[in-house]
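A quick write-up on the structure given underneath.
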Amino acid sequence: MSDPAGIEIRGLYKIFGPDPETAMALVRQGVGKDDLLADHDHILGLRRIDLTIEARTIQVVMGLSGSGKSTLIRHVNRLIEPTEGEVLVGGRDVLGLDRQELQHFRRHEVSMVFQRFALFPHKTVLENVAYGLRMQEVPRPEWTDRAGRWIERVGLQGYEDSYPGRLSGGMQQRVGLARALATDAGILLMDEPFSALDPLIRTDMQALLLELQQELHKTIVFVTHDLEEAIEIGDNIAILRDGGIVQNGDPQQIVLEPVDDYIADFTRSINRGRVLRVGSLMEPVKEGLQGPPHIPAEMSLGDALPLLTPPAPTEAAVVDDSGETVGSISAGRIVGALGEGGA
């Protein structure tokens, strides 16, 4: 597998229209998205994006329709050229790659999973999964073996000779995921990959992705419009509005510390008991809390609260994965956090 590099996006702008350079000058003068469209017939797709994505993490990019999230992810592999800015992968400027270097980058270092599966209907599951390997000019015996192993890994063993039209939506997306993983690229771009799936299948795919990430440790950029999905899978979440990043942080920060009313509206309907972790609320270690109970820092608030309900003690030590005490938590603090969200 190629090394899962980090991604650095600096000062990225994208303007759609016949004269983006002239429109860019207007944006620098303070012309906003609405006025740029109404008065100058140009669309401000991205507005000064600064985003650092650590290697081997899942960075979620989310927002409403038209916020720029799909436009942003397509700059990483240069499916879209920026109007201004930099995209660095492992310290290398992707925008400076020549045609041959860009081809190598797309074939070996980055893979993409699309919303609508993007499978070849005339090719079998095996041929679809092996497509990237064949573009890499991998010999047939090797691509057959590697594609077969990934088909098995995503739970589709026995469907190698089937065609996409005979598969369910969830099965088709498993094919798309296997195809992206088969190339051993260190970076995985996922543009709303599960949004077309039924809720139960979507949950299964989220679980599969997290299971694979525990094993593979890729750098993943995942686009979604669903905050619950973002919280479920993301190490960090960047929320876009009108082409710009409103807030970027870990899921606990997004829910507990929204920077404005726009973010607060996103988080208002979230089930805080399910998504918030004890570690995000714990206070400093207190003397005399010998336990039981000992509350794991990664336990959800909803699971922790019953352990702090009388006749049990209403305050307990918080422990990390190794069992070491790292803080304390009280029932009152949990109830307060749940109440802030209207739960």
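Chain labels A, B, ... are given in the sequence in which chains occur in the structure tokens; within each chain residues are numbered consecutively from 1, and ligands are likewise numbered from 1 in the order shown.
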For this session: Can you list, as a PyMOL selection string, all residues belonging to segment 75-216 of chain A that DSSP tags as helix (DSSP H, G or I)?
Result: chain A and resi 75-76+94-96+99-109+125-129+131-135+140-153+164-166+169-182+199-216
For this session: Could you give me, as a PyMOL selection string, the residues within 12 Å of Phe222 of chain A, counting only C-alpha atoms and dropping anything in the same chain fewer than 3 positions from it?
Result: chain A and resi 53+57-63+69-70+72-74+112-115+187-195+206+209-210+218-219+225-227+229-239
For this session: Using only C-alpha atoms, pick whichever of A:Thr71, A:Gln172, A:Ser322, A:Ser65 has the shortest atom-to-atom distance to Leu197 of chain A.
Result: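 Closest candidate: A:Gln172.
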For this session: Go through A:Arg140, A:Arg241, A:Lys123, A:Lys14 and flag the residue nearest Ile263 of chain A, using only C-alpha atoms for the distances.
Result: A:Arg241
For this session: Give the strand (DSSP E) residues of segment 128-337 of chain A, as DSSP finds them on the backbone, and put them as a ChimeraX atom specification.
Result: /A:187-191,219-224,236-241,244-249,294-296,315-319,325-330
